[in-house]
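Worksheet: one structure, shown below.
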Amino acid sequence: MTEPLVDLELASPLTLLMEEEQHGDRQAEEALFLSFTTDLGFFETVVLGVAQACGARVSLVGDAAMSVIDPRAVRRAGRAYLPGQAVCDGAFHPKLVALVGNKRATVAIGSGNVTLAGWQANVELWTVLRADQSRVPGVFGDLAVWLSGLPERVRCSSGVPEALRRVAGGLAALCERAEVVHPNLRLVSSSERPIIEQLPAGPVEELAVCAPFHDPGAVTLRRLVERMRPRRLVVSLQPGRTELDGHALADLTAELGADVHLDAEPRYRHGKLIEWVVEGRRYALTGSPNLSAAALSTSLENRGNCELGLIAPIDASRIPRGAIVPTADLLPLKFSIRSRPERRGPLLLGATRVGQGLHVMFARMLRTGGYLELSAATSPPETWERVGEVPADVTEMLVTYPVDGGSRVRLVTVVNGQVRHSNIVFAVDPLRAQHRSGLTRTSAPTTQPGQLFNDERLADKFLADLNILATSLTQPPTPVTPAAASTDTARVEGVTDRSGGGWAAYLDECAGRLGVPLLRFALGLPTLPAEQEGPNEELLPVFWDEQFADDADAGLDNDDPGTMADQPATVTAPPDLRTSDAATRRRYQRWADRLTRVTPRLELPERMLVTRLLLWTAAAGAWDHDDHAWLDFLADAVSELGSGTPPADVEPQVASLAAVGLAVLSAHAPRHVSTATTVAFTRAAAVVDHLLPAAEPEYVEQYSDLLRDAFGPALSPYAVQRLAAEIVQADPLTDALRTLAEQGREVHRHRERLLHVTGTFGNARLVALQAVAAAQAASIVGAWATSSNGTWALVVWRRPDLFTIDAGPPTLWRHYRLTGLRDPRSLAAQRSFDGVRPLPHGPLLKPFPEAHAVLADLGLPSDPRPPVDCTPWPG
């Protein structure tokens, strides 16, 4: 065990989770994350899977007023982990990551919130401590005491006190068994007394500080100087980022002859650091406290923040030191007070499933009554129903209403005629949320694809199992466009986070859910003879099992296009429903409809399976020849194959299946007439076109082989790949013209990279956005929208930047940066710019350099006006 350091090299606590996972023994029993701001969507996408792969039950606790929630991105809160919250008179501000098991424990105390910024974008500071069965840092005992006592000092949602005490118990148990090392480490917190009082009383040889937030008047920095009495003071300043009072700092530095150094780090430095030197030895305080009174010089019981830090000796200074800032340059710096965001309405602390219904906790006693609304876990996040009345003057209550774990809950109040909604919390199912993932072996299904069509009861059971599975998976319920998928590198179907096992380990997990026959069917692999299937435990051991399949066992690890042909397939013909009675056929039609509806909430292998089953249901004759209702189902399923970025191991299968699905749609879609099928085909092709170059003939053949009798020559490998090539090589603006025309828009191509929509409409900016969305695959595209009522707008898209210029008077200029799941198509789908904020460029009345640059790239003047006489573009 090495001496713990303030580690600037630790890019993210995710590294610590992956290190633990790589041990492979899943010994971690608890994974605890404390944070000020929490982003549950980020947590589920990036953190949760790795933490569970370590074997741990997972608990996340943040300040109740600071949780960032996109309900469509949060799919497992309350079911797969505990989404805990806490409140106190100040801010609940500690940053802690703890992985605790009976063999090892890793603890990181630092400055990063559980957000994308805190774990990736910002420059943060962490002190990392490790323990095993032979040695343990003595500070773990102090941390155990702090954790177990925290629920007495802050108000926590249900389940959080138990989680804190379990982690504390695990740390204490290691301390009892192992040799205590690193006695010179010291834990500090604001629980009982101010942190500043736990720092040494001077004199010290040097005091150096770096923090993103100071006090107005430099009050806390002055108090720190008065306590430690340094011979030399060093302050690190990040221009434009560090919040401080320039006049007060200038006065202090002039009094002490202090040095203020310029921090040239381009990223936001969010790490907090106080260093001092005593008798030639340097020490550092790292953790959560800023240089503010609430953080450093006020205790929790006196309405200060809840803060946590660690004092450790360090070998060299970690303070950023650049050019000296002259005192005169400090004077213009103004302190802008950043208050916590004001919530309009009461604050929910948590909601927990109990035997009688739902136990709801409020952050503080309610001043006015209201009513609770519920959005069921299986329903769209926009769907709410009123489930119970809430009286005033309560801090918690019981609602006798059946609620599934993961359902969304909010409080609605009416004040002076205005409806106010509280924050959203997720109903916690305690048994599921605190279950250690993957420690129970289950029997895998052995259902063959054809059996689903020979036994209606088996088909219904399969659908019910898919619905149950969908409630526990991470997949958001809305499709992700190719553009979003390409930038959303964190979400790669939850597979690449499984270090060591990778895609093969993930297939083991899927085999436990679906069974080997259906999994192979989904992946375009020939079904093995029954005697080779065997129990799932023997064929595909789950990835947490320490036993591994023998090399002679039949499995998925060796399946690739080169070996497929040598394996016999037992399915020789698709099912046939044409001879079934009308009731049976209608039942399979409804079955296909329900399969399609559950698909957005499934993961990749299940989505592939649904697509294949839909193709088989149509080929089997569940619908009459002139009934094309199934084409919409197929278009939706094919579109879902484009959700996210598939792992490289399975990209050829996904692309080939998408190509086969598009070929079936295209065979029913007239080329020169706009029909519902044409629209469905165009919609699906736009979502999966980025996948199609990876299609391979072997998989195209496997997916289409048994369907040609039903769908004809359109499914020949040559026809499928020719169609894929046409889609990939299509001009986005040409396709956009066709799409907009199908939508009834009067549109033409104004220039090579410009569209022009004319007509009568009230919201020109939305119309221009819809035009850009239709062509968003282009590297750069602009769209004019001019209405007969005199209004106009220009929207320009060049990933990831979206610019809008719309007439007033006055003309308004806006610039949006769309990342993650956001793109023009998603904004057009919601018919608004809600959820995205324009980047600041000063008053909206004034253009800015970035807008001028993109206009120039389109050949437009810096003060553009809509065209009057449009000459048809010759291309």
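In the structure tokens, chains take letters A, B, ... by order of appearance, with residues numbered from 1 within each chain and ligands from 1 in the order shown.
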- Task: Write out as a PyMOL selection string each polymer residue whose atoms come within 6 Å of stretch 71-79 of chain A, counting only C-alpha atoms; drop sequence neighbours fewer than 2 positions from it.
- Result: chain A and resi 41+69+81-83+381+405-406+426-429+432-433+474+476
Now that the selection is made, can you save its residues with C-alpha atoms as a PDB file, in the first residue's frame?
```
ATOM      1  CA  GLY A  41     -28.916   9.932 -15.934  1.00  0.00           C
ATOM      2  CA  ILE A  69     -33.149  14.672 -13.470  1.00  0.00           C
ATOM      3  CA  TYR A  81     -29.937   1.333  -6.722  1.00  0.00           C
ATOM      4  CA  LEU A  82     -30.922   3.730  -3.947  1.00  0.00           C
ATOM      5  CA  PRO A  83     -31.363   7.336  -5.203  1.00  0.00           C
ATOM      6  CA  PRO A 381     -42.510  10.569 -18.072  1.00  0.00           C
ATOM      7  CA  GLY A 405     -40.413   0.838  -7.790  1.00  0.00           C
ATOM      8  CA  GLY A 406     -38.950   3.426 -10.139  1.00  0.00           C
ATOM      9  CA  PHE A 426     -38.318   8.025  -7.689  1.00  0.00           C
ATOM     10  CA  ALA A 427     -40.278   5.507  -5.670  1.00  0.00           C
ATOM     11  CA  VAL A 428     -37.806   3.158  -4.017  1.00  0.00           C
ATOM     12  CA  ASP A 429     -38.489  -0.555  -3.831  1.00  0.00           C
ATOM     13  CA  ARG A 432     -34.773  -4.458  -5.240  1.00  0.00           C
ATOM     14  CA  ALA A 433     -32.825  -1.220  -4.778  1.00  0.00           C
ATOM     15  CA  THR A 474     -31.357   1.232 -18.402  1.00  0.00           C
ATOM     16  CA  PRO A 476     -34.387   5.362 -22.184  1.00  0.00           C
TER      17      PRO A 476
END
```
- In stretch 282-463 of chain A, what's strand (DSSP E) per DSSP? Answer as an NGL selection string? :A and (282-287 or 308-314 or 348-354 or 357-362 or 370-375 or 385-390 or 396-399 or 408-415 or 418-421 or 425-428)
- Message: Please extract the residues of stretch 725-875 of chain A with a backbone DSSP assignment of alpha helix (DSSP H) and present them as a count of residues only.
- Response: 42
- Counting only C-alpha atoms, what is within 7 Å of A:Arg135, bar same-chain residues fewer than 5 positions away, as a ChimeraX atom specification? /A:178-181
- Given the choices A:Glu44, A:Glu124, A:Asp142, A:Asp39, which gets closest to A:Ala211 if the distance is worked out from only C-alpha atoms?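 Checking each of A:Glu44, A:Glu124, A:Asp142, A:Asp39 against A:Ala211, counting only C-alpha atoms, the winner is A:Glu124.
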- Item | Separation of atom CA of A:Val598 from atom CA of A:Phe462 in Å |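 Spanning atom CA of A:Phe462 to atom CA of A:Val598 is a straight-line distance of 12.1 Å.
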- Message: Restricting the calculation to only C-alpha atoms: of A:Val700, A:Ala108, A:Ala351, A:Ala131, which residue gets closest to A:Val160?
- Response: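 Looking at the shortest contact to A:Val160, the residue is A:Ala351.
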- Item | Who sits within 6 Å of stretch 163-169 of chain A, only C-alpha atoms, same chain under 3 positions skipped, as a VMD selection string | chain A and resid 144 147 to 148 160 172
- Message: For a test of reading the model, state the distance in Å between atom CA of A:Pro194 and atom CA of A:Gly110, rounded to one decimal.
- Response: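 According to the coordinates, atom CA of A:Pro194 and atom CA of A:Gly110 are separated by 18.1 Å.
Once stretch 783-787 of chain A and its same-chain neighbours fewer than 5 positions away are set aside, Leu754, Leu755, His756, Val757, Thr758, Gly759, Thr760, Phe761, Ala764, Ala768, Val772, Trp792, Ala793, Leu794 and Val795 of chain A remain within 6 Å of it when counting only C-alpha atoms.
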- Item | 8 Å contact set for stretch 251-259 of chain A, only C-alpha atoms, chain neighbours under 2 positions out, as a ChimeraX atom specification | /A:222,232-235,247-249,261,324-325,327
- Note on the structure: For A:Leu613, the closest of A:Ala773, A:Leu657, A:Ala316, A:Ala98 counting only C-alpha atoms is A:Leu657
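Here the question is which of A:Thr395, A:Gln830, A:Thr739, A:Thr645 gets nearest to A:Ala680 using only C-alpha atoms, and that residue is A:Thr739.
When only C-alpha atoms are used to measure the gap to A:Ala51, the shortest distance among A:Arg364, A:Arg586, A:Arg831, A:Arg26 belongs to A:Arg26.
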- Task: Have a look at A:Leu452, A:Asn290, A:Val679, A:Thr804 and name the one nearest to A:Leu740; count only C-alpha atoms.
- Result: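 Nearest to A:Leu740: A:Val679.
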- Item | Selection near A:His625, 12 Å with only C-alpha atoms, sequence-local residues under 5 positions removed, as number ranges by chain | A: 578, 618-620, 630, 668, 710-711
